[in-house]
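Trainee: Attaching a single structure in structure tokens format; questions to follow.
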Amino acid sequence: DGGITQSPKYLFRKEGQNVTLSCEQNLNHDAMYWYRQDPGQGLRLIYYSQIVNDFQKGDIAEGYSVSREKKESFPLTVTSAQKNPTAFYLCASRQGFGQPQHFGDGTRLSIL
Amino acid sequence: DQQVKQNSPSLSVQEGRISILNCDYTNSMFDYFLWYKKYPAEGPTFLISISSIKDKNEDGRFTVFLNKSAKHLSLHIVPSQPGDSAVYFCAVAGDSSYKLIFGSGTRLLVRP
């Protein structure tokens, strides 16, 4: 079954700690995305990648970093510089323009 | 400045009736429009899309209408079912962009 797998489903971060959220897809999609959702709000774009070894900042990239070494994988690191990291994080992928984005089931990050 | 607005945070309808969800956008260059459905603690699921060359697209119980002159998008669900209860997001893209811009969502409750 093709899809997008995000892990872990729940993640806790201590103050001053970096954490990495995993996103893997087996849809053979070129483009991948990371969004953040806060309660009562829409999805805000953190980073996106249109092709391997290339990525661009979205609207709220500060305090986050990504890599795209493989087509299937687009991990997101929430650094200690992100002062308000508690949120629901969603990864998505898309084959190309004119195609819908498909989402994973998300990772909920909380601060200890 | 919000480029995509869903002005109704919630909507309640009786089972079997029509649900109409609305979305307004500001930029006439947007040319691809989508609706997603989201359950709590899950990723959004793609429902239906429409390109700017059309004014209507239908898929089973779901129909999306696009009024380009008014910069308005709507989703009609007929007949509504209790399983349709979820948060619905509209999203837009344009200018050959790989990025989607999401509205803040409308929570639909279908009462049995």
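Naming works like this for the structure tokens: A, B, ... for the chains as they're shown, residue 1 at the start of each chain, ligands 1 onward in shown order.
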Would you list the contacts of A:Tyr47 as a list in words, taking every protein, DNA or RNA residue within 10 Å and counting only C-alpha atoms, but skipping same-chain residues closer than 2 positions in sequence?
Mentor: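 Within the cut-off, the hits are Met32, Tyr33, Trp34, Tyr35, Arg36, Arg44, Leu45, Ser49, Phe55, Gln56, Lys57, Gly58, Asp59, Ile60, Ala61, Glu62, Tyr64, Ser65, Val66, Ser67, Phe74, Leu76 and Cys91 of chain A; Lys99 of chain B.
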Trainee: Save out the residues we just selected, N, CA and C atoms, as a PDB file, in the first residue's frame.
Mentor:
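What follows is the written file part_22.pdb:
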```pdb
ATOM      1  N   MET A  32       7.894  17.186  -1.498  1.00  0.00           N
ATOM      2  CA  MET A  32       7.491  16.886  -0.128  1.00  0.00           C
ATOM      3  C   MET A  32       7.417  18.177   0.673  1.00  0.00           C
ATOM      4  N   TYR A  33       6.573  18.144   1.716  1.00  0.00           N
ATOM      5  CA  TYR A  33       6.243  19.357   2.464  1.00  0.00           C
ATOM      6  C   TYR A  33       6.145  19.059   3.954  1.00  0.00           C
ATOM      7  N   TRP A  34       6.421  20.076   4.763  1.00  0.00           N
ATOM      8  CA  TRP A  34       6.154  20.036   6.192  1.00  0.00           C
ATOM      9  C   TRP A  34       5.265  21.223   6.549  1.00  0.00           C
ATOM     10  N   TYR A  35       4.191  20.895   7.310  1.00  0.00           N
ATOM     11  CA  TYR A  35       3.266  21.904   7.806  1.00  0.00           C
ATOM     12  C   TYR A  35       3.177  21.799   9.325  1.00  0.00           C
ATOM     13  N   ARG A  36       2.744  22.904   9.880  1.00  0.00           N
ATOM     14  CA  ARG A  36       2.438  22.955  11.313  1.00  0.00           C
ATOM     15  C   ARG A  36       0.985  23.381  11.461  1.00  0.00           C
ATOM     16  N   ARG A  44       0.177  25.760   8.234  1.00  0.00           N
ATOM     17  CA  ARG A  44       1.185  26.742   7.826  1.00  0.00           C
ATOM     18  C   ARG A  44       2.427  26.003   7.348  1.00  0.00           C
ATOM     19  N   LEU A  45       2.973  26.442   6.236  1.00  0.00           N
ATOM     20  CA  LEU A  45       4.076  25.750   5.580  1.00  0.00           C
ATOM     21  C   LEU A  45       5.398  26.083   6.245  1.00  0.00           C
ATOM     22  N   SER A  49      10.270  20.723  -0.431  1.00  0.00           N
ATOM     23  CA  SER A  49      11.339  20.262  -1.298  1.00  0.00           C
ATOM     24  C   SER A  49      10.716  19.755  -2.597  1.00  0.00           C
ATOM     25  N   PHE A  55      15.715  22.219  -1.140  1.00  0.00           N
ATOM     26  CA  PHE A  55      14.549  22.542  -0.346  1.00  0.00           C
ATOM     27  C   PHE A  55      14.474  24.057  -0.167  1.00  0.00           C
ATOM     28  N   GLN A  56      13.253  24.525   0.110  1.00  0.00           N
ATOM     29  CA  GLN A  56      13.021  25.960   0.269  1.00  0.00           C
ATOM     30  C   GLN A  56      12.273  26.228   1.569  1.00  0.00           C
ATOM     31  N   LYS A  57      12.520  27.396   2.132  1.00  0.00           N
ATOM     32  CA  LYS A  57      11.793  27.808   3.326  1.00  0.00           C
ATOM     33  C   LYS A  57      10.352  28.144   2.966  1.00  0.00           C
ATOM     34  N   GLY A  58       9.468  27.762   3.905  1.00  0.00           N
ATOM     35  CA  GLY A  58       8.084  28.171   3.784  1.00  0.00           C
ATOM     36  C   GLY A  58       7.843  29.454   4.569  1.00  0.00           C
ATOM     37  N   ASP A  59       6.637  29.584   5.091  1.00  0.00           N
ATOM     38  CA  ASP A  59       6.252  30.825   5.756  1.00  0.00           C
ATOM     39  C   ASP A  59       6.758  30.938   7.193  1.00  0.00           C
ATOM     40  N   ILE A  60       7.063  29.792   7.827  1.00  0.00           N
ATOM     41  CA  ILE A  60       7.443  29.824   9.256  1.00  0.00           C
ATOM     42  C   ILE A  60       8.655  28.933   9.501  1.00  0.00           C
ATOM     43  N   ALA A  61       9.721  29.120   8.743  1.00  0.00           N
ATOM     44  CA  ALA A  61      10.881  28.226   8.791  1.00  0.00           C
ATOM     45  C   ALA A  61      11.799  28.459   9.997  1.00  0.00           C
ATOM     46  N   GLU A  62      11.688  29.589  10.662  1.00  0.00           N
ATOM     47  CA  GLU A  62      12.619  29.887  11.748  1.00  0.00           C
ATOM     48  C   GLU A  62      12.518  28.866  12.873  1.00  0.00           C
ATOM     49  N   TYR A  64      13.496  25.716  12.559  1.00  0.00           N
ATOM     50  CA  TYR A  64      13.371  24.393  11.960  1.00  0.00           C
ATOM     51  C   TYR A  64      14.476  24.166  10.933  1.00  0.00           C
ATOM     52  N   SER A  65      14.808  22.895  10.685  1.00  0.00           N
ATOM     53  CA  SER A  65      15.712  22.551   9.601  1.00  0.00           C
ATOM     54  C   SER A  65      15.257  21.247   8.973  1.00  0.00           C
ATOM     55  N   VAL A  66      15.635  21.044   7.704  1.00  0.00           N
ATOM     56  CA  VAL A  66      15.255  19.830   6.971  1.00  0.00           C
ATOM     57  C   VAL A  66      16.437  19.345   6.149  1.00  0.00           C
ATOM     58  N   SER A  67      16.296  18.122   5.632  1.00  0.00           N
ATOM     59  CA  SER A  67      17.232  17.580   4.660  1.00  0.00           C
ATOM     60  C   SER A  67      16.435  16.753   3.669  1.00  0.00           C
ATOM     61  N   PHE A  74      12.070  12.902   4.112  1.00  0.00           N
ATOM     62  CA  PHE A  74      12.157  14.350   4.298  1.00  0.00           C
ATOM     63  C   PHE A  74      12.031  14.646   5.800  1.00  0.00           C
ATOM     64  N   LEU A  76      12.299  16.384   9.469  1.00  0.00           N
ATOM     65  CA  LEU A  76      12.215  17.753  10.000  1.00  0.00           C
ATOM     66  C   LEU A  76      12.823  17.780  11.399  1.00  0.00           C
ATOM     67  N   CYS A  91       3.282  16.046   7.419  1.00  0.00           N
ATOM     68  CA  CYS A  91       4.126  15.888   6.250  1.00  0.00           C
ATOM     69  C   CYS A  91       3.234  15.542   5.062  1.00  0.00           C
TER      70      CYS A  91
ATOM     71  N   LYS B  99       3.428  25.281  -3.976  1.00  0.00           N
ATOM     72  CA  LYS B  99       2.915  25.538  -2.640  1.00  0.00           C
ATOM     73  C   LYS B  99       1.392  25.619  -2.636  1.00  0.00           C
TER      74      LYS B  99
END
```
Trainee: Could you write out as a PyMOL selection string the residues of chain B within 9 Å of chain A, counting only C-alpha atoms?
Mentor: chain B and resi 9+32+34+41-46+48-49+51+89+93+96-105
Trainee: Emit the selected residues as a short mmCIF file (atom, residue, chain, number, x, y, z; two decimals), in the first residue's frame, including N, CA, C and O atoms.
Mentor:
```cif
data_model
loop_
_atom_site.label_atom_id
_atom_site.label_comp_id
_atom_site.auth_asym_id
_atom_site.auth_seq_id
_atom_site.Cartn_x
_atom_site.Cartn_y
_atom_site.Cartn_z
N PRO B 9 -16.35 29.36 11.20
CA PRO B 9 -15.56 28.35 11.89
C PRO B 9 -16.31 27.04 12.12
O PRO B 9 -15.70 25.99 12.29
N TYR B 32 -5.72 26.86 -9.01
CA TYR B 32 -5.98 25.46 -8.64
C TYR B 32 -6.51 25.48 -7.22
O TYR B 32 -5.90 26.07 -6.32
N LEU B 34 -8.60 23.31 -3.97
CA LEU B 34 -8.83 21.97 -3.43
C LEU B 34 -9.62 22.06 -2.13
O LEU B 34 -9.59 23.07 -1.44
N ALA B 41 -6.55 14.32 15.10
CA ALA B 41 -5.34 13.52 15.24
C ALA B 41 -5.01 12.71 13.97
O ALA B 41 -4.29 11.71 14.05
N GLU B 42 -5.55 13.12 12.83
CA GLU B 42 -5.20 12.49 11.56
C GLU B 42 -4.77 13.56 10.57
O GLU B 42 -5.04 14.75 10.74
N GLY B 43 -4.12 13.12 9.49
CA GLY B 43 -3.78 14.06 8.44
C GLY B 43 -4.98 14.37 7.56
O GLY B 43 -5.93 13.59 7.49
N PRO B 44 -4.98 15.51 6.88
CA PRO B 44 -6.07 15.84 5.96
C PRO B 44 -6.14 14.83 4.81
O PRO B 44 -5.12 14.31 4.36
N THR B 45 -7.36 14.58 4.37
CA THR B 45 -7.60 13.69 3.23
C THR B 45 -8.14 14.51 2.07
O THR B 45 -9.10 15.27 2.24
N PHE B 46 -7.54 14.35 0.91
CA PHE B 46 -7.99 15.08 -0.27
C PHE B 46 -9.40 14.65 -0.66
O PHE B 46 -9.71 13.45 -0.72
N ILE B 48 -11.64 16.80 -3.23
CA ILE B 48 -12.01 17.19 -4.59
C ILE B 48 -11.25 18.47 -4.95
O ILE B 48 -10.87 19.25 -4.07
N SER B 49 -11.01 18.64 -6.24
CA SER B 49 -10.31 19.85 -6.69
C SER B 49 -10.98 20.41 -7.93
O SER B 49 -11.82 19.75 -8.56
N SER B 51 -9.85 23.28 -11.31
CA SER B 51 -8.93 24.25 -11.89
C SER B 51 -9.72 25.48 -12.35
O SER B 51 -10.95 25.42 -12.49
N PHE B 89 -10.97 21.94 5.08
CA PHE B 89 -10.06 23.01 4.70
C PHE B 89 -10.13 23.23 3.20
O PHE B 89 -10.09 22.27 2.43
N ALA B 93 -3.69 27.22 -4.98
CA ALA B 93 -2.33 27.32 -5.52
C ALA B 93 -2.41 28.13 -6.81
O ALA B 93 -3.47 28.24 -7.43
N SER B 96 1.89 28.31 -11.20
CA SER B 96 2.75 27.13 -11.31
C SER B 96 3.52 26.84 -10.03
O SER B 96 4.60 26.28 -10.06
N SER B 97 2.93 27.25 -8.91
CA SER B 97 3.61 27.06 -7.64
C SER B 97 3.40 25.65 -7.11
O SER B 97 2.34 25.07 -7.26
N TYR B 98 4.42 25.12 -6.45
CA TYR B 98 4.28 23.85 -5.75
C TYR B 98 3.65 24.04 -4.39
O TYR B 98 3.35 23.08 -3.71
N LYS B 99 3.43 25.28 -3.98
CA LYS B 99 2.91 25.54 -2.64
C LYS B 99 1.39 25.62 -2.64
O LYS B 99 0.78 26.10 -3.58
N LEU B 100 0.79 25.13 -1.54
CA LEU B 100 -0.63 25.32 -1.29
C LEU B 100 -0.78 26.30 -0.13
O LEU B 100 0.02 26.29 0.80
N ILE B 101 -1.82 27.13 -0.21
CA ILE B 101 -2.17 28.02 0.89
C ILE B 101 -3.52 27.56 1.43
O ILE B 101 -4.48 27.44 0.66
N PHE B 102 -3.57 27.31 2.73
CA PHE B 102 -4.77 26.75 3.35
C PHE B 102 -5.58 27.80 4.07
O PHE B 102 -5.03 28.74 4.67
N GLY B 103 -6.90 27.62 4.06
CA GLY B 103 -7.77 28.37 4.94
C GLY B 103 -7.70 27.82 6.35
O GLY B 103 -7.03 26.83 6.61
N SER B 104 -8.41 28.48 7.27
CA SER B 104 -8.34 28.09 8.68
C SER B 104 -9.29 26.96 9.04
O SER B 104 -9.25 26.46 10.17
N GLY B 105 -10.14 26.55 8.11
CA GLY B 105 -10.99 25.39 8.34
C GLY B 105 -12.38 25.73 8.83
O GLY B 105 -12.61 26.76 9.49
#
```
Trainee: Quick one: distance from atom CA of B:Ser19 to atom CA of B:Ala70 in Å, one decimal?
Mentor: 20.4 Å
Trainee: Assign secondary structure with DSSP using the backbone only, and return the residues of stretch 1-101 of chain A in strand (DSSP E or B) as a PyMOL selection string.
Mentor: chain A and resi 4-7+10-13+19-25+31-37+43-51+54-57+64-66+70+73+76-78+87-94
Trainee: With only C-alpha atoms as the counted atoms, please give the residues lying no more than 6 Å from B:Ser80, apart from itself and same-chain residues fewer than 5 positions off, as a count of residues only.
Mentor: 4
Trainee: For A:Lys14, list every protein, DNA or RNA residue within 9 Å, evaluated using only C-alpha atoms, and leave out those in the same chain fewer than 6 positions away; present the list as a list in words.
Mentor: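 Everything that qualifies: Ser110, Ile111 and Leu112 of chain A.
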